[in-house]
Amino acid sequence: DQDHYCYVETLEEVLKNLRDHPEVPSNFSIKIELKGPGTALPAVQLVQKLNMTHRCHYSSFEHSRIAEVREHDPSVITGALFADDIPDDFVERSIAAGATEIHLKYDTCTSDRIQRIHAAGLRSMAWLRGPIGMKDDVTSKYFDVGNEDETMYDVLLRSGVQSICGNRPEVIVKVVESQGRRINWTAGSSFDEEKKSEDWTL
């Protein structure tokens, strides 16, 4: 049906557009989620071909794919994704897979879990469901916060998480800046010695 036609760019097209677009900052980073079997090696090879290794991070719920990425390129940033059921040894499993970050579903980001991640020398990220899923959550599960409103993001940030993958970046920026933090659009250092304020990655 031509009325509902939608062209989806390939990963190579996305990466080239980001790399070559004059309005995209040269220090951008992009996270590549490895969703299917056999995606790890082709993704790494493509990124290397485009000379974008320093700009690309990888993540997956299937942690063997993270291990495969690290096998081919030990220098890259990798995130172990978790959904609702967080095993007690989630940090150990992530380290065993070669992850440098742990990505937790937003409503599983307790202060204890975030502290354990950081104590192990890993970075942390919270991910939120898509717009439809988030609307369902705030109408059927969580009644004390709005749909990715300032209250929700404030609660999430107070867990100590270092970055958020969300649907409303303009709200995230407002909350982060209201807390005296500095937005860092790349995966950089976690402390600004001059400003004495915590970097925070969007």
# chains A, B, ... in the order shown; residues from 1 in each chain; ligands from 1
>>> closest_atom_pairs(of="region 109-152 of chain A", to="region 157-166 of chain A", cutoff="9 Å", atoms="only C-alpha atoms", output="JSON lines")
{"residue": "A:Cys109", "atom": "CA", "partner": "A:Ser159", "partner_atom": "CA", "distance": 6.4}
{"residue": "A:Thr110", "atom": "CA", "partner": "A:Ser159", "partner_atom": "CA", "distance": 5.7}
{"residue": "A:Ser111", "atom": "CA", "partner": "A:Ser159", "partner_atom": "CA", "distance": 4.4}
{"residue": "A:Asp112", "atom": "CA", "partner": "A:Ser159", "partner_atom": "CA", "distance": 8.1}
{"residue": "A:Arg113", "atom": "CA", "partner": "A:Ser159", "partner_atom": "CA", "distance": 8.7}
{"residue": "A:Ile114", "atom": "CA", "partner": "A:Val161", "partner_atom": "CA", "distance": 6.1}
{"residue": "A:Gln115", "atom": "CA", "partner": "A:Gly160", "partner_atom": "CA", "distance": 7.5}
{"residue": "A:Arg123", "atom": "CA", "partner": "A:Gln162", "partner_atom": "CA", "distance": 6.9}
{"residue": "A:Ser124", "atom": "CA", "partner": "A:Gln162", "partner_atom": "CA", "distance": 5.4}
{"residue": "A:Met125", "atom": "CA", "partner": "A:Ser163", "partner_atom": "CA", "distance": 4.6}
{"residue": "A:Ala126", "atom": "CA", "partner": "A:Ile164", "partner_atom": "CA", "distance": 4.8}
{"residue": "A:Trp127", "atom": "CA", "partner": "A:Cys165", "partner_atom": "CA", "distance": 4.6}
{"residue": "A:Leu128", "atom": "CA", "partner": "A:Gly166", "partner_atom": "CA", "distance": 5.3}
{"residue": "A:Arg129", "atom": "CA", "partner": "A:Gly166", "partner_atom": "CA", "distance": 7.6}
{"residue": "A:Gly130", "atom": "CA", "partner": "A:Gly166", "partner_atom": "CA", "distance": 8.0}
{"residue": "A:Glu148", "atom": "CA", "partner": "A:Gly166", "partner_atom": "CA", "distance": 8.1}
{"residue": "A:Met152", "atom": "CA", "partner": "A:Leu157", "partner_atom": "CA", "distance": 8.7}
>>> residues_around(residues="region 62-74 of chain A", least_positions_apart="3", cutoff="6 Å", atoms="only C-alpha atoms", output="list in words")
Ala40, Ala97 and Gly98 of chain A
>>> closest_residue(among="A:Arg116, A:His57, A:Val47, A:Thr151", to="Ile172 (chain A)", atoms="only C-alpha atoms")
A:Thr151
>>> select_by_dssp(residues="region 27-190 of chain A", states="strand (DSSP E)", output="list of chain:residue names")
A:Ile30, A:Lys31, A:Ile32, A:Glu33, A:Cys56, A:His57, A:Tyr58, A:Ser59, A:Ser60, A:Ile77, A:Thr78, A:Gly79, A:Ala80, A:Leu81, A:Glu101, A:Ile102, A:His103, A:Leu104, A:Lys105, A:Arg123, A:Ser124, A:Met125, A:Ala126, A:Trp127, A:Ile164, A:Cys165, A:Arg182, A:Ile183, A:Asn184
>>> closest_atom_pairs(of="region 37-82 of chain A", to="region 3-26 of chain A", cutoff="10 Å", atoms="only C-alpha atoms", output="JSON lines")
{"residue": "A:Ala43", "atom": "CA", "partner": "A:Leu11", "partner_atom": "CA", "distance": 8.4}
{"residue": "A:Leu46", "atom": "CA", "partner": "A:Glu12", "partner_atom": "CA", "distance": 7.1}
{"residue": "A:Val47", "atom": "CA", "partner": "A:Leu15", "partner_atom": "CA", "distance": 8.1}
{"residue": "A:Lys49", "atom": "CA", "partner": "A:Glu12", "partner_atom": "CA", "distance": 9.9}
{"residue": "A:Leu50", "atom": "CA", "partner": "A:Lys16", "partner_atom": "CA", "distance": 7.6}
{"residue": "A:Asn51", "atom": "CA", "partner": "A:Arg19", "partner_atom": "CA", "distance": 9.6}
{"residue": "A:Met52", "atom": "CA", "partner": "A:Arg19", "partner_atom": "CA", "distance": 8.0}
{"residue": "A:Arg55", "atom": "CA", "partner": "A:Ser26", "partner_atom": "CA", "distance": 9.2}
{"residue": "A:Cys56", "atom": "CA", "partner": "A:Leu15", "partner_atom": "CA", "distance": 9.1}
>>> residues_around(residues="region 78-92 of chain A", least_positions_apart="5", cutoff="6 Å", atoms="only C-alpha atoms", output="number ranges by chain")
A: 57-61, 99-105
>>> atom_distance(atom1="CA of Tyr106 (chain A)", atom2="CA of Ser178 (chain A)")
20.3 Å
>>> select_by_dssp(residues="region 36-190 of chain A", states="helix (DSSP H, G or I)", output="PyMOL selection string")
chain A and resi 40-49+53-55+63-72+90-97+106-108+111-119+131-140+150-157+169-178
>>> write_last_selection(atoms="C-alpha atoms", output="mmCIF file, in the first residue's frame")
data_model
loop_
_atom_site.group_PDB
_atom_site.id
_atom_site.type_symbol
_atom_site.label_atom_id
_atom_site.label_comp_id
_atom_site.auth_asym_id
_atom_site.auth_seq_id
_atom_site.Cartn_x
_atom_site.Cartn_y
_atom_site.Cartn_z
ATOM 1 C CA ALA A 40 27.729 -8.865 15.773
ATOM 2 C CA LEU A 41 30.528 -9.498 13.274
ATOM 3 C CA PRO A 42 28.874 -7.746 10.278
ATOM 4 C CA ALA A 43 28.167 -4.683 12.452
ATOM 5 C CA VAL A 44 31.759 -4.482 13.683
ATOM 6 C CA GLN A 45 33.125 -4.973 10.158
ATOM 7 C CA LEU A 46 30.838 -2.247 8.771
ATOM 8 C CA VAL A 47 31.842 0.216 11.468
ATOM 9 C CA GLN A 48 35.515 -0.524 10.841
ATOM 10 C CA LYS A 49 35.042 -0.108 7.091
ATOM 11 C CA THR A 53 34.950 2.600 15.594
ATOM 12 C CA HIS A 54 35.563 5.543 17.938
ATOM 13 C CA ARG A 55 31.959 6.722 17.449
ATOM 14 C CA HIS A 63 25.129 -11.153 25.922
ATOM 15 C CA SER A 64 26.955 -13.653 23.736
ATOM 16 C CA ARG A 65 26.772 -11.009 21.005
ATOM 17 C CA ILE A 66 28.582 -8.578 23.275
ATOM 18 C CA ALA A 67 31.265 -11.177 23.842
ATOM 19 C CA GLU A 68 31.562 -11.673 20.082
ATOM 20 C CA VAL A 69 31.971 -7.939 19.491
ATOM 21 C CA ARG A 70 34.697 -7.723 22.117
ATOM 22 C CA GLU A 71 36.432 -10.732 20.590
ATOM 23 C CA HIS A 72 36.720 -8.871 17.288
ATOM 24 C CA PHE A 90 23.829 -9.434 36.719
ATOM 25 C CA VAL A 91 27.079 -7.521 37.217
ATOM 26 C CA GLU A 92 29.196 -10.670 37.090
ATOM 27 C CA ARG A 93 27.386 -11.879 33.968
ATOM 28 C CA SER A 94 27.972 -8.538 32.264
ATOM 29 C CA ILE A 95 31.667 -8.553 33.087
ATOM 30 C CA ALA A 96 31.996 -12.129 31.855
ATOM 31 C CA ALA A 97 30.504 -11.059 28.516
ATOM 32 C CA TYR A 106 14.026 2.242 33.859
ATOM 33 C CA ASP A 107 11.799 0.736 36.552
ATOM 34 C CA THR A 108 14.518 -1.688 37.680
ATOM 35 C CA SER A 111 20.146 2.819 43.874
ATOM 36 C CA ASP A 112 21.627 -0.475 45.063
ATOM 37 C CA ARG A 113 21.907 -1.879 41.542
ATOM 38 C CA ILE A 114 23.393 1.318 40.159
ATOM 39 C CA GLN A 115 25.942 1.424 42.992
ATOM 40 C CA ARG A 116 26.931 -2.170 42.275
ATOM 41 C CA ILE A 117 27.465 -1.322 38.609
ATOM 42 C CA HIS A 118 29.679 1.639 39.402
ATOM 43 C CA ALA A 119 31.583 -0.228 42.119
ATOM 44 C CA PRO A 131 5.955 5.756 23.530
ATOM 45 C CA ILE A 132 3.121 3.195 23.422
ATOM 46 C CA GLY A 133 4.680 1.053 26.145
ATOM 47 C CA MET A 134 5.366 4.053 28.370
ATOM 48 C CA LYS A 135 1.785 5.273 28.002
ATOM 49 C CA ASP A 136 0.601 1.847 29.100
ATOM 50 C CA ASP A 137 2.953 1.839 32.105
ATOM 51 C CA VAL A 138 1.771 5.182 33.487
ATOM 52 C CA THR A 139 -1.897 4.298 33.040
ATOM 53 C CA SER A 140 -1.782 0.766 34.444
ATOM 54 C CA GLU A 150 9.994 15.835 34.997
ATOM 55 C CA THR A 151 8.949 13.831 38.055
ATOM 56 C CA MET A 152 9.680 10.498 36.366
ATOM 57 C CA TYR A 153 13.092 11.587 35.136
ATOM 58 C CA ASP A 154 13.958 13.156 38.482
ATOM 59 C CA VAL A 155 13.197 9.889 40.299
ATOM 60 C CA LEU A 156 15.242 7.962 37.757
ATOM 61 C CA LEU A 157 18.241 10.269 37.996
ATOM 62 C CA PRO A 169 15.170 14.350 25.434
ATOM 63 C CA GLU A 170 13.988 17.933 25.916
ATOM 64 C CA VAL A 171 12.519 16.983 29.317
ATOM 65 C CA ILE A 172 15.631 15.027 30.296
ATOM 66 C CA VAL A 173 17.830 18.024 29.483
ATOM 67 C CA LYS A 174 15.653 20.330 31.588
ATOM 68 C CA VAL A 175 15.784 18.029 34.620
ATOM 69 C CA VAL A 176 19.520 17.351 34.338
ATOM 70 C CA GLU A 177 20.370 21.037 34.038
ATOM 71 C CA SER A 178 18.062 21.921 36.941
#
>>> atom_distance(atom1="CA of Asp149 (chain A)", atom2="CA of Arg168 (chain A)")
8.4 Å
>>> atom_distance(atom1="CA of Phe28 (chain A)", atom2="CA of Gln179 (chain A)")
23.6 Å
